[in-house]
2 protein chains.
Amino acid sequence: MQTDCRNCPFKTKATSMLSECSLDQLSSNHLELKLKKGDSIIKQGTYSTNVVFLRTGLAKIHIAGPYTEQIVKMVNAPSYLGLPTTFGSKINQYSVTAVSDAEVCFIDLEVFQNILDENKEFTREIIQEFCKNELESFHRCANRTQKLIRGNMADAILDFADKIFKADSFVLPLSQVEFANLVDTSRESVSRVLAEFDKDGIIKVNGRQIDILNKKSLIMVSQNG
Amino acid sequence: MQTDCRNCPFKTKATSMLSECSLDQLSSNHLELKLKKGDSIIKQGTYSTNVVFLRTGLAKIHIAGPYTEQIVKMVNAPSYLGLPTTFGSKINQYSVTAVSDAEVCFIDLEVFQNILDENKEFTREIIQEFCKNELESFHRCANRTQKLIRGNMADAILDFADKIFKADSFVLPLSQVEFANLVDTSRESVSRVLAEFDKDGIIKVNGRQIDILNKKSLIMVSQNG
DNA sequence: ATTATTTTGTGATATGCATCACATTGTATA
DNA sequence: TATACAATGTGATGCATATCACAAAATAAT
């Protein structure tokens, strides 16, 4: 597909400053796709030389662990996906799946690399992104294993509210099984703890609709393990 | 301290290809230090605008979790430390401490940024490094929480052997408390499981001296949770 | 050498949560 | 509209492992 990236309304800050030359190269070397909820964006174990730009929508990054599928991260647009894979082994080390309808652009790695080489601002933004991710994963590592399930679930709910939806009412984009895989627990515990939170008046649960009623309590729970 | 980085024997691949100009800049803008085991390299919560190049030695990256200190990663030389902090908030988000004698260079962030801007090869190497780290943290995330303690301890021992020491006999650079913080368990469990592994003839434990006797068994254990 | 302090070994107990089992509801499919 | 299948709710049970409590050993300090 041939779209002019100059007019892409989903550019990140740094992409807006790409040189004309780079924008041209990008325009003529990317494949734009509209995806539906549940569609696979990157498949673990398959070969790939593309970087994926998530223009719109929400996705989950997940890995086949030794026993179950583990969701390691939720990502919302705009964001670049698949860099670790393409810069590394070329075999995807994880899967990415849309959990909402989404639009993505597949960019050839070589083109992406050229753009990096020729646009310092863009490179900085990418590196910053990596830095942020690394810190996040450190914190996740330090939290997840020390807190009890209630704490981790509170964290996850707060993350959805603050980082993903930027609202205290939202529809969970995950089933309880997926939620469990994100929070490192069992499906049953997710069900039970959600019910507890509801009973305690911290959140209101209605199917997958979640309304945070008492954010302070939720934060308290997240801090008490 | 004024040393000529041109002759530094600890350069990484890409650093060897830095432009003359960049090497000059680096030479006249870094502080070289010799550290002893236990010395702090980066302190969580303090302000910093330095990137640290770990020339020689072994370090641990650790974070104050909600309850205990958590070791999120072991790093051996040569390696750059502190990038996520300096590119992000300038307040160190984690601590780094030498667990062996070590040599480090403190490089001003501005200088480091200039070098990134002017040396594509170097930038690529740094990005590759980030990619590798991200993958590692994903895998850690997917493993740690699904495996039982025996599996995680086997993993950690294999990591030390393969990634850190590149030998099947080594002296653990960590106390049992630290080891526990690395593996997300209690000090007591570390003691017990090490004794078990020894009893089963998988490894030989002598104080902190570890000899892997049966690597296949160890790998088996690591895979069975 | 002697004392103090940290590190390690090991039993007994308590508990958070996974697992199993099945009922119930909700949602696609024919 | 009926039927199949997926997602959820909820009790009962078992188990891995954290925690507690000391003893023993090793290391550091005086």
# chains A, B, ... in the order shown; residues from 1 in each chain; ligands from 1
>>> residues_around(residues="region 192-199 of chain A", least_positions_apart="3", cutoff="12 Å", atoms="only C-alpha atoms (C1' of nucleotides)", output="number ranges by chain")
A: 148-154, 156-157, 172, 176, 179-180, 183, 185-189, 202-215, 217-218, 221-222; C: 17; D: 8-11
>>> residues_around(residues="DA14 (chain C)", least_positions_apart="5", cutoff="12 Å", atoms="only C-alpha atoms (C1' of nucleotides)", output="ChimeraX atom specification")
/D:17-20
>>> atom_distance(atom1="CA of Cys105 (chain B)", atom2="CA of Leu116 (chain A)")
27.3 Å
>>> select_by_dssp(residues="region 11-153 of chain B", states="strand (DSSP E)", output="JSON, numbers by chain")
{"B": [30, 31, 32, 33, 34, 35, 40, 41, 42, 50, 51, 52, 53, 54, 55, 56, 58, 59, 60, 61, 62, 63, 64, 69, 70, 71, 72, 73, 74, 75, 76, 79, 80, 81, 95, 96, 97, 98, 102, 103, 104, 105, 106, 107, 108]}
>>> write_last_selection(atoms="N, CA and C atoms", output="compact mmCIF listing (two decimals), in the first residue's frame")
# COMPACT_ATOMS: atom_id res chain seq x y z
N HIS B 30 36.04 11.97 30.85
CA HIS B 30 35.56 10.85 31.64
C HIS B 30 36.42 10.68 32.88
N LEU B 31 35.81 10.09 33.87
CA LEU B 31 36.47 9.88 35.14
C LEU B 31 36.61 8.39 35.38
N GLU B 32 37.86 8.00 35.59
CA GLU B 32 38.14 6.57 35.71
C GLU B 32 38.32 6.23 37.19
N LEU B 33 37.73 5.15 37.62
CA LEU B 33 37.81 4.78 39.03
C LEU B 33 38.04 3.28 39.20
N LYS B 34 38.80 2.94 40.23
CA LYS B 34 38.94 1.54 40.62
C LYS B 34 38.07 1.30 41.83
N LEU B 35 37.25 0.28 41.78
CA LEU B 35 36.32 0.01 42.88
C LEU B 35 36.61 -1.33 43.53
N SER B 40 29.47 0.99 45.86
CA SER B 40 28.30 1.39 45.12
C SER B 40 28.70 2.12 43.83
N ILE B 41 28.06 1.79 42.75
CA ILE B 41 28.34 2.45 41.47
C ILE B 41 27.24 3.45 41.15
N ILE B 42 26.01 3.03 41.37
CA ILE B 42 24.86 3.91 41.19
C ILE B 42 23.94 3.71 42.38
N ASN B 50 25.40 10.93 34.58
CA ASN B 50 26.51 10.15 34.04
C ASN B 50 26.04 8.81 33.50
N VAL B 51 26.70 8.40 32.44
CA VAL B 51 26.61 7.02 32.03
C VAL B 51 27.86 6.36 32.56
N VAL B 52 27.74 5.13 33.00
CA VAL B 52 28.89 4.45 33.56
C VAL B 52 29.32 3.31 32.65
N PHE B 53 30.59 3.31 32.31
CA PHE B 53 31.12 2.19 31.55
C PHE B 53 31.83 1.25 32.51
N LEU B 54 31.29 0.04 32.61
CA LEU B 54 31.92 -0.96 33.48
C LEU B 54 33.02 -1.63 32.65
N ARG B 55 34.28 -1.27 32.97
CA ARG B 55 35.41 -1.79 32.20
C ARG B 55 35.73 -3.23 32.57
N THR B 56 35.84 -3.45 33.87
CA THR B 56 36.12 -4.79 34.35
C THR B 56 35.28 -5.06 35.59
N LEU B 58 32.23 -7.32 37.96
CA LEU B 58 30.87 -7.85 37.96
C LEU B 58 30.01 -7.01 38.89
N ALA B 59 28.81 -6.70 38.44
CA ALA B 59 27.95 -5.84 39.25
C ALA B 59 26.53 -6.39 39.31
N LYS B 60 25.81 -5.96 40.32
CA LYS B 60 24.39 -6.31 40.41
C LYS B 60 23.54 -5.06 40.30
N ILE B 61 22.46 -5.17 39.54
CA ILE B 61 21.47 -4.09 39.49
C ILE B 61 20.36 -4.45 40.44
N HIS B 62 20.06 -3.57 41.37
CA HIS B 62 19.04 -3.91 42.36
C HIS B 62 18.12 -2.76 42.67
N ILE B 63 16.91 -3.09 43.05
CA ILE B 63 15.86 -2.12 43.30
C ILE B 63 15.26 -2.37 44.66
N ALA B 64 14.95 -1.31 45.35
CA ALA B 64 14.21 -1.45 46.60
C ALA B 64 12.76 -1.74 46.25
N GLU B 69 14.89 -5.76 49.09
CA GLU B 69 15.74 -5.41 47.96
C GLU B 69 15.66 -6.54 46.95
N GLN B 70 15.50 -6.17 45.70
CA GLN B 70 15.40 -7.19 44.66
C GLN B 70 16.53 -7.00 43.66
N ILE B 71 17.26 -8.07 43.38
CA ILE B 71 18.28 -8.00 42.35
C ILE B 71 17.62 -8.31 41.02
N VAL B 72 17.65 -7.35 40.10
CA VAL B 72 16.93 -7.58 38.84
C VAL B 72 17.85 -8.09 37.74
N LYS B 73 19.17 -7.99 37.96
CA LYS B 73 20.06 -8.37 36.87
C LYS B 73 21.51 -8.38 37.34
N MET B 74 22.26 -9.34 36.86
CA MET B 74 23.71 -9.33 37.06
C MET B 74 24.34 -8.84 35.75
N VAL B 75 25.34 -8.02 35.86
CA VAL B 75 25.98 -7.46 34.68
C VAL B 75 27.48 -7.67 34.75
N ASN B 76 28.08 -8.18 33.71
CA ASN B 76 29.54 -8.22 33.72
C ASN B 76 30.15 -7.36 32.62
N SER B 79 30.36 -3.25 29.80
CA SER B 79 28.94 -2.94 29.67
C SER B 79 28.65 -1.51 30.11
N TYR B 80 27.63 -0.91 29.51
CA TYR B 80 27.23 0.44 29.90
C TYR B 80 26.10 0.37 30.90
N LEU B 81 26.21 1.16 31.95
CA LEU B 81 25.22 1.15 33.02
C LEU B 81 24.59 2.52 33.18
N SER B 95 19.76 0.86 41.88
CA SER B 95 21.14 0.90 42.36
C SER B 95 21.97 -0.10 41.57
N VAL B 96 23.25 0.20 41.45
CA VAL B 96 24.19 -0.78 40.90
C VAL B 96 25.35 -0.87 41.88
N THR B 97 25.71 -2.07 42.23
CA THR B 97 26.78 -2.29 43.19
C THR B 97 27.75 -3.33 42.67
N ALA B 98 29.03 -3.06 42.84
CA ALA B 98 30.05 -4.03 42.43
C ALA B 98 30.00 -5.24 43.34
N ALA B 102 36.28 -3.90 40.64
CA ALA B 102 35.85 -3.45 39.32
C ALA B 102 36.49 -2.14 38.94
N GLU B 103 36.54 -1.88 37.65
CA GLU B 103 36.97 -0.57 37.16
C GLU B 103 35.84 0.03 36.35
N VAL B 104 35.60 1.31 36.58
CA VAL B 104 34.51 1.97 35.88
C VAL B 104 34.94 3.33 35.35
N CYS B 105 34.27 3.78 34.29
CA CYS B 105 34.46 5.13 33.79
C CYS B 105 33.13 5.87 33.85
N PHE B 106 33.14 7.02 34.46
CA PHE B 106 31.95 7.86 34.46
C PHE B 106 32.03 8.80 33.28
N ILE B 107 31.02 8.74 32.43
CA ILE B 107 31.00 9.57 31.23
C ILE B 107 29.82 10.52 31.31
N ASP B 108 30.08 11.78 31.08
CA ASP B 108 29.00 12.76 31.13
C ASP B 108 27.97 12.43 30.05
>>> residues_around(residues="DA24 (chain D)", least_positions_apart="6", cutoff="12 Å", atoms="only C-alpha atoms (C1' of nucleotides)", output="JSON, numbers by chain")
{"C": [7, 8, 9, 10]}
>>> decode(residues="region 193-213 of chain B", atoms="N, CA and C atoms", output="compact mmCIF listing (two decimals), in the first residue's frame")
# COMPACT_ATOMS: atom_id res chain seq x y z
N VAL B 193 17.68 -25.73 48.95
CA VAL B 193 17.74 -26.25 47.58
C VAL B 193 19.19 -26.52 47.16
N LEU B 194 20.11 -25.64 47.57
CA LEU B 194 21.52 -25.90 47.27
C LEU B 194 21.93 -27.25 47.87
N ALA B 195 21.51 -27.48 49.11
CA ALA B 195 21.83 -28.76 49.77
C ALA B 195 21.22 -29.93 49.01
N GLU B 196 19.99 -29.75 48.55
CA GLU B 196 19.33 -30.80 47.76
C GLU B 196 20.13 -31.11 46.49
N PHE B 197 20.45 -30.06 45.75
CA PHE B 197 21.21 -30.24 44.50
C PHE B 197 22.51 -30.98 44.77
N ASP B 198 23.16 -30.63 45.89
CA ASP B 198 24.40 -31.28 46.26
C ASP B 198 24.15 -32.76 46.56
N LYS B 199 23.14 -33.02 47.38
CA LYS B 199 22.81 -34.38 47.76
C LYS B 199 22.49 -35.22 46.51
N ASP B 200 21.80 -34.60 45.55
CA ASP B 200 21.43 -35.33 44.33
C ASP B 200 22.61 -35.47 43.36
N GLY B 201 23.76 -34.91 43.74
CA GLY B 201 24.92 -35.04 42.87
C GLY B 201 24.88 -34.16 41.63
N ILE B 202 24.01 -33.17 41.63
CA ILE B 202 23.91 -32.28 40.46
C ILE B 202 25.02 -31.23 40.50
N ILE B 203 25.24 -30.69 41.67
CA ILE B 203 26.33 -29.74 41.84
C ILE B 203 27.08 -30.10 43.13
N LYS B 204 28.29 -29.58 43.25
CA LYS B 204 29.01 -29.73 44.51
C LYS B 204 29.09 -28.34 45.14
N VAL B 205 28.64 -28.24 46.36
CA VAL B 205 28.64 -26.96 47.07
C VAL B 205 29.67 -26.99 48.17
N ASN B 206 30.51 -25.96 48.19
CA ASN B 206 31.53 -25.87 49.23
C ASN B 206 31.63 -24.41 49.62
N GLY B 207 30.87 -24.03 50.62
CA GLY B 207 30.77 -22.60 50.89
C GLY B 207 30.15 -21.94 49.68
N ARG B 208 30.85 -20.98 49.11
CA ARG B 208 30.29 -20.31 47.93
C ARG B 208 30.86 -20.89 46.63
N GLN B 209 31.73 -21.87 46.80
CA GLN B 209 32.27 -22.55 45.62
C GLN B 209 31.22 -23.50 45.06
N ILE B 210 30.93 -23.33 43.78
CA ILE B 210 29.94 -24.20 43.13
C ILE B 210 30.61 -24.92 41.97
N ASP B 211 30.46 -26.24 41.92
CA ASP B 211 30.93 -26.99 40.77
C ASP B 211 29.74 -27.76 40.19
N ILE B 212 29.49 -27.51 38.94
CA ILE B 212 28.41 -28.24 38.29
C ILE B 212 28.92 -29.62 37.91
N LEU B 213 28.31 -30.65 38.49
CA LEU B 213 28.76 -32.02 38.23
C LEU B 213 27.97 -32.65 37.10
